[in-house]
Amino acid sequence: MAVSDHVDFSTFMEGVKKRNPGQPEFVQAVQEVSEDIFDFIADKEEYHAQQILRRIAEPDRVVSFRVCWEDDNGNIRVQRGWRVQNNNAIGPYKGGIRFHPSVTESVLKFLAFEQTFKNALTGLPMGGGKGGSNFNPKGKSVREIMRFCQSFMTELYRHIGADIDVPAGDIGVGGREIGFMFGQYKRITNEFTGVLTGKGLEWGGSLIRTEATGYGAVYFLANMLAAKGQDLVGKTAVISGSGNVATHAAEKIVQLGGKVLTLSDSGGFIHDPDGITQDKIDWVKAHKTHRRGRIEEYCDEFKGASFTAGKTPWGVPCDVALPCATQNELLGDDAKALVANGCVAVSEGANMPTNLEGVHVFKDAKIMFAPGKAANAGGVAVSGLEMSQNSGRRAWSEGELQQMLKDIMDGIHTRCLTYGDRGDGYIDYVKGANIAGFKKVADAMLAFGVV
Ligand code: GLU
């Protein structure tokens with residue numbers, strides 16, 4: 001028995017820090033998961049002996065590559081691209097591609113690590129991966145974006161495949177970019193397969209993929225409230241972000257009878273005390289996607305709303321909060337402000353938007369808190385359904401897919417309860433999600449031996 005493999009939590013984290021210098025986001029994500037896993041495996045010798053946690057926290061591989069492209073003025077530009085293939089114990093690597101100047105190897109490693117547990121929680125056979133580039137799509141022409149996507153895929157294609165690794169969108173990568181990348185993949189390989197998800201409906205995409213992440217985050221929120229005999233009717237919601245996840249979360253909140261007060265972008269947040277209704281959400285969608293506008297302009301369009309520059313919306317009193325922008329956008333003091341203002345539930349539409357201090361504030365205050373790996377799994381879940389439809393060469397109806405998404409979110413909620421219900425009236429969704437996601441991947445790894 002390999003008793004010597006029992007290191008304590010802080011020794012384990014010291015090792016993670018030492019092996020991943022200059023990668024704070026990755027270390028943060030590993031710490032958040034490991035805090036719960038250490039408790040869970042304390043009396044489970046096999047997980048220790050086989051070093052399962054240590055192995056999950058070491059990506060299977062990190063591919064880094066040069067992406068050259070030519071801008072509209074004829075200048076040669078050079079960016080870095082990555083694909084992090086974290087773990088494929090339960091299915092092909094699966095996870096989005098992010099184009100944003102904040103992308104680093106650390107950010108993508110944290111996202112691929114989180115994705116591994118998130119994908120396991122969906123109940124679908126998908127491993128965890130993530131990719132992207134520090135390319136900034138802001139201000140680029142459509143032709144420049146096309147050339148960048150093509151160049152990115154010219155390297156990426158050799159590392160992916162419908163049964164190997166299936167990328168999708170994420171921040172800065174939507175249907176248009178997936179189209180450019182899919183077109184290039186098809187051209188290079190002469191193969192039409194489900195190698196990417198988030199595709200257009202005419203060429204293998206799935207209905208409700210666009211809506212799935214935001215809708216799913218609200219279904220999960222509604223499930224948490226229902227577990228306490230509550231619902232969303234009449235509840236006020238503060239939402240950050242104004243992209244795909246935020247606008248669809250807002251839409252579902254409105255459909256379920258809630259009132260949305262805020263949206264935001266990197267410039268600041270808008271607060272509309274009259275409520276951001278469906279027609280206003282439609283305006284934001286068109287403004288941000290087609291016109292590539294700023295959220296600030298909402299106030300010119302809808303009187304009564306105010307814009308606060310350079311701030312996040314967490315100080316606005318609300319019943320529920322949905323951080324749907326990006327990692328570490330909700331800090332300890334923001335969490336304290338939400339709790340002090342009477343917020344009862346938080347559902348993370350983004351990946352790791354709440355920092356470690358914020359998570360601890362929510363847990364200590366015993367408010368309902370759904371971590372991203374549970375709450376925002378609806379997006380990748382419908383990606384999994386898109387893979388199934390592509391393999392079966394068929395397309396399910398909107399009604400069927402809506403039901404499947406709801407069922408999957410219900411399933412994730414139930415899985416979280418299995419390990420998160422403390423029996424004292426408080427449900428620790430972070431712990432529930434971490435353990436349920438870990439256990440599925442870990443048990444598959446045990447079956448494979450030391451590989
Ligand atoms: N980028 C999304 C996520 O964070 C979706 C990934 C996918 O559909 O593969 O889960």
# chains A, B, ... in the order shown; residues from 1 in each chain; ligands from 1

call {"tool": "residues_near_ligand", "arguments": {"ligand": "ligand 1", "cutoff": "6 Å", "atoms": "only C-alpha atoms and all ligand atoms", "output": "list in words"}}
result
Lys94, Gly95, Gly96, Pro167, Ala168, Gly169, Asp170, Ala377, Gly379, Val380 and Ser383 of chain A

call {"tool": "select_by_dssp", "arguments": {"residues": "stretch 254-383 of chain A", "states": "strand (DSSP E)", "output": "number ranges by chain"}}
result
A: 259-265, 268-271, 306-309, 320-323, 345-347, 368-370

call {"tool": "write_last_selection", "arguments": {"atoms": "N, CA, C and O atoms", "output": "short mmCIF file (atom, residue, chain, number, x, y, z; two decimals), in the first residue's frame"}}
result
data_model
loop_
_atom_site.label_atom_id
_atom_site.label_comp_id
_atom_site.auth_asym_id
_atom_site.auth_seq_id
_atom_site.Cartn_x
_atom_site.Cartn_y
_atom_site.Cartn_z
N LYS A 259 -37.17 39.77 -12.92
CA LYS A 259 -36.89 41.10 -13.47
C LYS A 259 -35.38 41.31 -13.52
O LYS A 259 -34.70 41.24 -12.47
N VAL A 260 -34.85 41.57 -14.72
CA VAL A 260 -33.40 41.75 -14.89
C VAL A 260 -33.05 43.23 -14.77
O VAL A 260 -33.64 44.07 -15.46
N LEU A 261 -32.10 43.54 -13.90
CA LEU A 261 -31.77 44.94 -13.63
C LEU A 261 -30.52 45.43 -14.34
O LEU A 261 -30.39 46.63 -14.61
N THR A 262 -29.56 44.53 -14.59
CA THR A 262 -28.27 45.01 -15.12
C THR A 262 -27.72 44.11 -16.22
O THR A 262 -28.06 42.93 -16.31
N LEU A 263 -26.85 44.68 -17.02
CA LEU A 263 -25.97 43.97 -17.95
C LEU A 263 -24.67 44.78 -17.98
O LEU A 263 -24.66 45.94 -17.53
N SER A 264 -23.60 44.21 -18.51
CA SER A 264 -22.34 44.96 -18.49
C SER A 264 -21.44 44.56 -19.66
O SER A 264 -21.72 43.59 -20.36
N ASP A 265 -20.37 45.34 -19.86
CA ASP A 265 -19.26 44.90 -20.70
C ASP A 265 -17.98 45.45 -20.10
O ASP A 265 -18.02 45.97 -18.96
N GLY A 268 -18.16 48.97 -18.38
CA GLY A 268 -18.95 49.27 -17.18
C GLY A 268 -20.29 48.56 -17.23
O GLY A 268 -20.47 47.63 -18.02
N PHE A 269 -21.25 48.99 -16.37
CA PHE A 269 -22.54 48.29 -16.37
C PHE A 269 -23.70 49.27 -16.52
O PHE A 269 -23.61 50.44 -16.15
N ILE A 270 -24.81 48.77 -17.08
CA ILE A 270 -26.03 49.57 -17.15
C ILE A 270 -27.02 49.02 -16.13
O ILE A 270 -27.08 47.80 -15.88
N HIS A 271 -27.77 49.94 -15.53
CA HIS A 271 -28.78 49.58 -14.53
C HIS A 271 -30.11 50.15 -15.01
O HIS A 271 -30.24 51.36 -15.19
N SER A 306 -29.22 53.86 -16.28
CA SER A 306 -27.99 54.61 -16.04
C SER A 306 -26.77 53.74 -16.33
O SER A 306 -26.85 52.50 -16.24
N PHE A 307 -25.67 54.39 -16.67
CA PHE A 307 -24.43 53.67 -16.95
C PHE A 307 -23.39 54.03 -15.91
O PHE A 307 -23.20 55.21 -15.59
N THR A 308 -22.72 53.02 -15.36
CA THR A 308 -21.63 53.27 -14.42
C THR A 308 -20.35 52.76 -15.06
O THR A 308 -20.20 51.55 -15.29
N ALA A 309 -19.44 53.69 -15.38
CA ALA A 309 -18.21 53.31 -16.09
C ALA A 309 -17.23 52.60 -15.16
O ALA A 309 -17.12 52.93 -13.97
N VAL A 320 -31.21 37.61 -6.90
CA VAL A 320 -30.33 36.59 -7.48
C VAL A 320 -29.29 37.26 -8.37
O VAL A 320 -29.55 38.33 -8.94
N ALA A 321 -28.12 36.63 -8.50
CA ALA A 321 -27.04 37.20 -9.32
C ALA A 321 -26.48 36.15 -10.26
O ALA A 321 -26.32 34.98 -9.89
N LEU A 322 -26.21 36.58 -11.49
CA LEU A 322 -25.62 35.67 -12.48
C LEU A 322 -24.39 36.31 -13.13
O LEU A 322 -24.52 37.12 -14.06
N PRO A 323 -23.19 35.97 -12.63
CA PRO A 323 -21.99 36.47 -13.30
C PRO A 323 -21.78 35.72 -14.62
O PRO A 323 -21.52 34.51 -14.61
N ALA A 345 -29.28 33.79 -4.03
CA ALA A 345 -28.72 32.74 -4.89
C ALA A 345 -27.84 33.33 -5.99
O ALA A 345 -28.14 34.38 -6.54
N VAL A 346 -26.75 32.61 -6.29
CA VAL A 346 -25.83 33.01 -7.36
C VAL A 346 -25.62 31.82 -8.28
O VAL A 346 -25.36 30.71 -7.81
N SER A 347 -25.75 32.06 -9.58
CA SER A 347 -25.54 31.00 -10.56
C SER A 347 -24.51 31.49 -11.57
O SER A 347 -24.73 32.50 -12.24
N MET A 368 -27.35 30.11 -1.65
CA MET A 368 -27.26 29.12 -2.72
C MET A 368 -26.22 29.60 -3.72
O MET A 368 -26.32 30.73 -4.20
N PHE A 369 -25.24 28.75 -4.01
CA PHE A 369 -24.18 29.16 -4.93
C PHE A 369 -23.85 28.03 -5.90
O PHE A 369 -23.38 26.98 -5.48
N ALA A 370 -24.14 28.25 -7.18
CA ALA A 370 -23.86 27.23 -8.19
C ALA A 370 -22.59 27.57 -8.95
O ALA A 370 -22.53 28.59 -9.65
#

call {"tool": "closest_residue", "arguments": {"among": "A:Phe152, A:Glu58, A:Gly127, A:Thr312", "to": "A:Phe99", "atoms": "only C-alpha atoms"}}
result
A:Phe152

call {"tool": "residues_around", "arguments": {"residues": "A:Asn244", "least_positions_apart": "6", "cutoff": "8 Å", "atoms": "only C-alpha atoms", "output": "ChimeraX atom specification"}}
result
/A:210-211,214,285

call {"tool": "select_by_dssp", "arguments": {"residues": "stretch 246-379 of chain A", "states": "helix (DSSP H, G or I)", "output": "PyMOL selection string"}}
result
chain A and resi 246-255+278-289+295-301+313-315+332-340+356-365+372-375+377-379

call {"tool": "residues_around", "arguments": {"residues": "A:Phe12", "least_positions_apart": "6", "cutoff": "12 Å", "atoms": "only C-alpha atoms", "output": "list in words"}}
result
Asp5, His6, Lys18, Arg19, Val27, Val30, Gln31, Ser34, Glu35, Ile37, Phe38, His48, Gln51, Leu53, Arg54 and Ala57 of chain A

call {"tool": "write_last_selection", "arguments": {"atoms": "N, CA, C and O atoms", "output": "compact mmCIF listing (two decimals), in the first residue's frame"}}
result
# COMPACT_ATOMS: atom_id res chain seq x y z
N ASP A 5 2.13 8.09 -0.52
CA ASP A 5 1.49 9.01 -1.46
C ASP A 5 0.48 9.95 -0.80
O ASP A 5 -0.04 10.84 -1.44
N HIS A 6 0.19 9.72 0.48
CA HIS A 6 -0.75 10.58 1.19
C HIS A 6 -0.07 11.88 1.58
O HIS A 6 0.51 12.00 2.65
N LYS A 18 4.59 24.92 -7.61
CA LYS A 18 5.97 24.77 -8.07
C LYS A 18 6.04 24.28 -9.52
O LYS A 18 6.86 24.74 -10.30
N ARG A 19 5.13 23.39 -9.85
CA ARG A 19 5.16 22.83 -11.21
C ARG A 19 4.53 23.77 -12.25
O ARG A 19 4.68 23.55 -13.45
N VAL A 27 -3.63 27.48 -10.94
CA VAL A 27 -3.45 27.10 -9.53
C VAL A 27 -4.74 27.33 -8.75
O VAL A 27 -5.17 26.50 -7.94
N VAL A 30 -7.30 24.59 -9.57
CA VAL A 30 -6.92 23.31 -8.94
C VAL A 30 -7.20 23.37 -7.44
O VAL A 30 -7.73 22.43 -6.85
N GLN A 31 -6.89 24.52 -6.84
CA GLN A 31 -7.12 24.65 -5.40
C GLN A 31 -8.60 24.52 -5.06
O GLN A 31 -8.97 23.82 -4.11
N SER A 34 -9.55 20.91 -5.40
CA SER A 34 -8.83 20.00 -4.49
C SER A 34 -9.28 20.16 -3.04
O SER A 34 -9.23 19.20 -2.26
N GLU A 35 -9.74 21.37 -2.66
CA GLU A 35 -10.22 21.56 -1.29
C GLU A 35 -11.29 20.52 -0.97
O GLU A 35 -11.33 19.95 0.12
N ILE A 37 -11.93 17.66 -2.92
CA ILE A 37 -11.53 16.29 -3.25
C ILE A 37 -10.70 15.67 -2.12
O ILE A 37 -10.80 14.48 -1.83
N PHE A 38 -9.88 16.50 -1.47
CA PHE A 38 -9.07 15.96 -0.37
C PHE A 38 -9.94 15.33 0.71
O PHE A 38 -9.64 14.27 1.23
N HIS A 48 -5.56 7.58 -3.85
CA HIS A 48 -4.23 8.07 -3.45
C HIS A 48 -3.15 7.26 -4.13
O HIS A 48 -2.24 7.81 -4.73
N GLN A 51 -2.63 8.08 -7.53
CA GLN A 51 -2.30 9.50 -7.78
C GLN A 51 -3.30 10.16 -8.74
O GLN A 51 -2.91 10.91 -9.65
N LEU A 53 -5.77 12.50 -8.45
CA LEU A 53 -5.92 13.96 -8.47
C LEU A 53 -4.70 14.62 -9.12
O LEU A 53 -4.82 15.52 -9.95
N ARG A 54 -3.53 14.12 -8.74
CA ARG A 54 -2.29 14.64 -9.32
C ARG A 54 -2.29 14.49 -10.84
O ARG A 54 -1.85 15.35 -11.59
N ALA A 57 -4.72 16.86 -12.60
CA ALA A 57 -4.22 18.24 -12.56
C ALA A 57 -2.96 18.42 -13.42
O ALA A 57 -2.27 19.43 -13.29
